[in-house]
$ cat work.csv   # CSV, N, CA and C atoms
chain,number,residue,atom,x,y,z
A,1,MET,N,21.4,-9.8,6.7
A,1,MET,CA,21.6,-10.1,5.3
A,1,MET,C,23.1,-9.9,5.0
A,2,ASN,N,23.6,-10.7,4.1
A,2,ASN,CA,25.0,-10.6,3.7
A,2,ASN,C,25.1,-10.1,2.3
A,3,ILE,N,24.6,-8.8,2.1
A,3,ILE,CA,24.6,-8.1,0.8
A,3,ILE,C,25.5,-6.9,1.0
A,4,LYS,N,26.5,-6.8,0.1
A,4,LYS,CA,27.4,-5.6,0.2
A,4,LYS,C,26.8,-4.5,-0.6
A,5,GLU,N,26.5,-3.4,0.1
A,5,GLU,CA,26.0,-2.2,-0.5
A,5,GLU,C,27.1,-1.3,-1.0
A,6,ASP,N,26.7,-0.5,-2.1
A,6,ASP,CA,27.6,0.5,-2.6
A,6,ASP,C,27.3,1.8,-1.9
A,7,PHE,N,26.2,2.0,-1.3
A,7,PHE,CA,25.8,3.3,-0.7
A,7,PHE,C,24.9,2.9,0.5
A,8,LEU,N,25.2,3.6,1.6
A,8,LEU,CA,24.3,3.4,2.8
A,8,LEU,C,23.5,4.7,3.0
A,9,LEU,N,22.2,4.5,3.1
A,9,LEU,CA,21.3,5.6,3.3
A,9,LEU,C,20.5,5.4,4.6
A,10,ASP,N,20.9,6.3,5.5
A,10,ASP,CA,20.2,6.2,6.8
A,10,ASP,C,19.0,7.2,6.8
A,11,ALA,N,17.8,6.7,6.5
A,11,ALA,CA,16.6,7.5,6.4
A,11,ALA,C,15.7,7.3,7.7
A,12,ARG,N,16.3,6.9,8.8
A,12,ARG,CA,15.6,6.8,10.0
A,12,ARG,C,15.2,8.2,10.5
A,13,GLY,N,14.0,8.3,11.0
A,13,GLY,CA,13.5,9.6,11.4
A,13,GLY,C,12.7,10.4,10.3
A,14,LEU,N,12.8,9.9,9.1
A,14,LEU,CA,12.1,10.6,8.0
A,14,LEU,C,10.8,9.9,7.7
A,15,LYS,N,9.8,10.7,7.4
A,15,LYS,CA,8.5,10.1,7.1
A,15,LYS,C,8.2,10.1,5.6
A,16,CYS,N,7.4,9.2,5.2
A,16,CYS,CA,7.0,9.0,3.8
A,16,CYS,C,6.5,10.3,3.3
A,17,PRO,N,6.9,10.7,2.1
A,17,PRO,CA,7.7,10.0,1.1
A,17,PRO,C,9.2,10.2,1.1
A,18,MET,N,9.7,10.9,2.1
A,18,MET,CA,11.1,11.2,2.0
A,18,MET,C,12.1,10.1,1.9
A,19,PRO,N,11.9,8.9,2.5
A,19,PRO,CA,12.8,7.8,2.2
A,19,PRO,C,12.9,7.4,0.7
A,20,SER,N,11.7,7.5,0.1
A,20,SER,CA,11.7,7.1,-1.4
A,20,SER,C,12.4,8.2,-2.2
A,21,VAL,N,12.2,9.5,-1.8
A,21,VAL,CA,12.9,10.6,-2.5
A,21,VAL,C,14.4,10.5,-2.3
A,22,LYS,N,14.9,10.2,-1.1
A,22,LYS,CA,16.3,10.1,-0.8
A,22,LYS,C,16.9,8.9,-1.5
A,23,THR,N,16.1,7.8,-1.6
A,23,THR,CA,16.6,6.6,-2.3
A,23,THR,C,16.7,6.9,-3.8
A,24,ALA,N,15.8,7.7,-4.4
A,24,ALA,CA,15.9,8.1,-5.8
A,24,ALA,C,17.2,8.9,-6.0
A,25,LEU,N,17.5,9.8,-5.1
A,25,LEU,CA,18.7,10.6,-5.2
A,25,LEU,C,20.0,9.7,-5.1
A,26,ALA,N,19.9,8.8,-4.2
A,26,ALA,CA,21.1,7.9,-4.0
A,26,ALA,C,21.3,7.0,-5.2
A,27,LEU,N,20.2,6.5,-5.8
A,27,LEU,CA,20.3,5.7,-7.0
A,27,LEU,C,20.9,6.4,-8.2
A,28,GLU,N,20.6,7.7,-8.3
A,28,GLU,CA,21.1,8.6,-9.3
A,28,GLU,C,22.7,8.6,-9.3
A,29,GLN,N,23.2,8.4,-8.1
A,29,GLN,CA,24.7,8.5,-8.0
A,29,GLN,C,25.4,7.2,-8.4
A,30,LEU,N,24.6,6.2,-8.6
A,30,LEU,CA,25.2,4.8,-8.9
A,30,LEU,C,25.0,4.4,-10.3
A,31,GLY,N,25.9,3.6,-10.8
A,31,GLY,CA,25.7,3.0,-12.1
A,31,GLY,C,24.7,1.8,-12.0
A,32,GLY,N,24.3,1.3,-13.1
A,32,GLY,CA,23.4,0.1,-13.2
A,32,GLY,C,24.0,-1.0,-12.4
A,33,GLY,N,23.2,-1.7,-11.6
A,33,GLY,CA,23.6,-2.8,-10.8
A,33,GLY,C,24.1,-2.4,-9.4
A,34,GLY,N,24.2,-1.0,-9.1
A,34,GLY,CA,24.6,-0.6,-7.8
A,34,GLY,C,23.5,-0.9,-6.8
A,35,ILE,N,24.0,-1.0,-5.5
A,35,ILE,CA,23.1,-1.4,-4.4
A,35,ILE,C,23.1,-0.4,-3.4
A,36,VAL,N,21.9,0.0,-2.9
A,36,VAL,CA,21.7,1.0,-1.8
A,36,VAL,C,21.1,0.2,-0.7
A,37,LYS,N,21.7,0.3,0.5
A,37,LYS,CA,21.0,-0.2,1.7
A,37,LYS,C,20.3,1.0,2.4
A,38,VAL,N,19.0,1.0,2.5
A,38,VAL,CA,18.2,2.0,3.1
A,38,VAL,C,17.7,1.6,4.4
A,39,MET,N,18.0,2.4,5.4
A,39,MET,CA,17.6,2.1,6.8
A,39,MET,C,16.4,3.0,7.1
A,40,ILE,N,15.2,2.4,7.4
A,40,ILE,CA,14.0,3.2,7.7
A,40,ILE,C,13.3,2.8,9.0
A,41,ASP,N,12.6,3.7,9.6
A,41,ASP,CA,11.8,3.3,10.8
A,41,ASP,C,10.4,3.8,10.7
A,42,ASP,N,10.0,4.3,9.5
A,42,ASP,CA,8.6,4.8,9.3
A,42,ASP,C,7.8,3.6,8.8
A,43,PRO,N,6.7,3.2,9.6
A,43,PRO,CA,5.9,2.1,9.2
A,43,PRO,C,5.3,2.2,7.8
A,44,VAL,N,4.9,3.4,7.4
A,44,VAL,CA,4.4,3.6,6.0
A,44,VAL,C,5.4,3.3,5.0
A,45,SER,N,6.6,3.8,5.2
A,45,SER,CA,7.7,3.6,4.2
A,45,SER,C,8.1,2.1,4.1
A,46,LYS,N,7.9,1.4,5.1
A,46,LYS,CA,8.2,-0.1,5.1
A,46,LYS,C,7.4,-0.7,3.9
A,47,LYS,N,6.2,-0.3,3.7
A,47,LYS,CA,5.4,-0.8,2.6
A,47,LYS,C,5.6,0.0,1.3
A,48,ASP,N,5.7,1.3,1.5
A,48,ASP,CA,5.8,2.2,0.3
A,48,ASP,C,7.1,2.1,-0.5
A,49,LEU,N,8.2,2.1,0.3
A,49,LEU,CA,9.5,2.1,-0.4
A,49,LEU,C,9.7,0.9,-1.3
A,50,PRO,N,9.4,-0.4,-0.9
A,50,PRO,CA,9.5,-1.5,-1.9
A,50,PRO,C,8.6,-1.3,-3.1
A,51,ALA,N,7.4,-0.8,-2.9
A,51,ALA,CA,6.5,-0.6,-4.0
A,51,ALA,C,7.1,0.5,-4.9
A,52,TRP,N,7.6,1.5,-4.4
A,52,TRP,CA,8.2,2.6,-5.2
A,52,TRP,C,9.4,2.0,-6.0
A,53,VAL,N,10.2,1.2,-5.3
A,53,VAL,CA,11.4,0.6,-6.0
A,53,VAL,C,11.0,-0.2,-7.2
A,54,ARG,N,10.1,-1.1,-7.0
A,54,ARG,CA,9.6,-2.0,-8.1
A,54,ARG,C,8.9,-1.2,-9.2
A,55,GLY,N,8.1,-0.2,-8.8
A,55,GLY,CA,7.4,0.6,-9.7
A,55,GLY,C,8.3,1.4,-10.6
A,56,ASN,N,9.5,1.7,-10.2
A,56,ASN,CA,10.5,2.4,-11.0
A,56,ASN,C,11.5,1.5,-11.7
A,57,GLY,N,11.2,0.2,-11.7
A,57,GLY,CA,12.0,-0.7,-12.5
A,57,GLY,C,13.3,-1.2,-11.8
A,58,HIS,N,13.4,-0.9,-10.5
A,58,HIS,CA,14.6,-1.4,-9.7
A,58,HIS,C,14.2,-2.7,-9.0
A,59,GLN,N,15.1,-3.3,-8.3
A,59,GLN,CA,14.9,-4.6,-7.7
A,59,GLN,C,15.1,-4.5,-6.2
A,60,VAL,N,14.2,-5.1,-5.4
A,60,VAL,CA,14.4,-5.2,-3.9
A,60,VAL,C,15.1,-6.5,-3.7
A,61,LEU,N,16.3,-6.5,-3.2
A,61,LEU,CA,17.1,-7.7,-3.0
A,61,LEU,C,16.7,-8.3,-1.7
A,62,GLY,N,16.2,-7.5,-0.8
A,62,GLY,CA,15.9,-8.1,0.5
A,62,GLY,C,15.4,-7.0,1.5
A,63,ILE,N,14.7,-7.5,2.5
A,63,ILE,CA,14.2,-6.6,3.5
A,63,ILE,C,14.5,-7.3,4.8
A,64,ASP,N,15.2,-6.6,5.7
A,64,ASP,CA,15.7,-7.2,7.0
A,64,ASP,C,15.1,-6.4,8.1
A,65,ASP,N,14.2,-7.0,8.9
A,65,ASP,CA,13.7,-6.4,10.1
A,65,ASP,C,14.7,-6.4,11.2
A,66,ARG,N,15.1,-5.2,11.7
A,66,ARG,CA,16.0,-5.1,12.8
A,66,ARG,C,15.2,-4.6,14.1
A,67,ASP,N,15.9,-4.4,15.1
A,67,ASP,CA,15.3,-3.9,16.4
A,67,ASP,C,15.0,-2.4,16.2
A,68,GLY,N,13.7,-2.1,15.9
A,68,GLY,CA,13.3,-0.7,15.8
A,68,GLY,C,13.4,-0.1,14.4
A,69,PHE,N,14.0,-0.8,13.5
A,69,PHE,CA,14.1,-0.2,12.1
A,69,PHE,C,14.2,-1.4,11.1
A,70,VAL,N,14.1,-1.0,9.8
A,70,VAL,CA,14.1,-2.0,8.7
A,70,VAL,C,15.3,-1.6,7.8
A,71,GLU,N,16.0,-2.6,7.2
A,71,GLU,CA,16.9,-2.4,6.2
A,71,GLU,C,16.3,-2.9,4.9
A,72,VAL,N,16.3,-2.1,3.8
A,72,VAL,CA,15.8,-2.4,2.5
A,72,VAL,C,17.0,-2.4,1.6
A,73,TYR,N,17.3,-3.5,0.9
A,73,TYR,CA,18.4,-3.5,-0.1
A,73,TYR,C,17.8,-3.3,-1.5
A,74,VAL,N,18.3,-2.3,-2.2
A,74,VAL,CA,17.8,-1.9,-3.5
A,74,VAL,C,18.9,-2.0,-4.5
A,75,LYS,N,18.6,-2.7,-5.6
A,75,LYS,CA,19.5,-2.8,-6.7
A,75,LYS,C,19.0,-2.0,-7.9
A,76,LYS,N,19.9,-1.1,-8.4
A,76,LYS,CA,19.5,-0.2,-9.4
A,76,LYS,C,19.4,-1.0,-10.7
A,77,SER,N,18.4,-0.7,-11.5
A,77,SER,CA,18.2,-1.4,-12.8
A,77,SER,C,19.4,-1.0,-13.8
A,78,GLY,N,19.5,-1.8,-14.8
A,78,GLY,CA,20.5,-1.6,-15.8
A,78,GLY,C,21.9,-2.2,-15.5
A,79,GLY,N,21.9,-3.1,-14.6
A,79,GLY,CA,23.3,-3.7,-14.4
A,79,GLY,C,23.3,-5.1,-14.3
$ encode --input "work.csv" --output "structure tokens"
Amino acid sequence: MNIKEDFLLDARGLKCPMPSVKTALALEQLGGGGIVKVMIDDPVSKKDLPAWVRGNGHQVLGIDDRDGFVEVYVKKSGG
């Protein structure tokens, strides 16, 4: 994906719900419209993180499957 993130969060090795918790903390650091790229390798988080993002009013800009992990691009609401 050709999306420029404002914050890179490497959550590989973390199990659900920690990627969502870490994403929430990263989003707190950004203004509205900020983008976090979250790298995850937990299969549960692959489904849970996008649901958490949408459920909290943010936007999933894209999900990119890589070799052994997934990149989720999250746009913070309000921008």
$ residues_near_point --input "work.csv" --point "(20.9, -2.7, -11.6)" --cutoff "6 Å" --atoms "all atoms listed in the file" --output "PyMOL selection string"
chain A and resi 31-34+75-79
$ atom_distance --input "work.csv" --atom1 "atom CA of A:Ile40" --atom2 "atom CA of A:Leu8"
11.4 Å
$ atom_distance --input "work.csv" --atom1 "atom CA of A:Asp67" --atom2 "atom C of A:Gly55"
28.4 Å
$ closest_residue --input "work.csv" --among "A:Lys22, A:Gly57, A:Arg12, A:Pro17" --to "A:Val44" --atoms "only C-alpha atoms"
A:Pro17
$ residues_near_point --input "work.csv" --point "(19.3, 4.0, 6.1)" --cutoff "5 Å" --atoms "only N, CA and C atoms" --output "CSV table (one decimal) with N, CA and C atoms, keeping the file's coordinate frame"
chain,number,residue,atom,x,y,z
A,9,LEU,N,22.2,4.5,3.1
A,9,LEU,CA,21.3,5.6,3.3
A,9,LEU,C,20.5,5.4,4.6
A,10,ASP,N,20.9,6.3,5.5
A,10,ASP,CA,20.2,6.2,6.8
A,10,ASP,C,19.0,7.2,6.8
A,11,ALA,N,17.8,6.7,6.5
A,11,ALA,CA,16.6,7.5,6.4
A,11,ALA,C,15.7,7.3,7.7
A,12,ARG,N,16.3,6.9,8.8
A,12,ARG,CA,15.6,6.8,10.0
A,12,ARG,C,15.2,8.2,10.5
A,37,LYS,N,21.7,0.3,0.5
A,37,LYS,CA,21.0,-0.2,1.7
A,37,LYS,C,20.3,1.0,2.4
A,38,VAL,N,19.0,1.0,2.5
A,38,VAL,CA,18.2,2.0,3.1
A,38,VAL,C,17.7,1.6,4.4
A,39,MET,N,18.0,2.4,5.4
A,39,MET,CA,17.6,2.1,6.8
A,39,MET,C,16.4,3.0,7.1
A,40,ILE,N,15.2,2.4,7.4
A,40,ILE,CA,14.0,3.2,7.7
A,40,ILE,C,13.3,2.8,9.0
$ residues_around --input "work.csv" --residues "A:Leu25" --least-positions-apart "4" --cutoff "12 Å" --atoms "only C-alpha atoms" --output "ChimeraX atom specification"
/A:7,9,18-21,29-30,36,38,76
$ select_by_dssp --input "work.csv" --residues "chain A" --states "alpha helix (DSSP H)" --output "PyMOL selection string"
chain A and resi 18-28+43-55
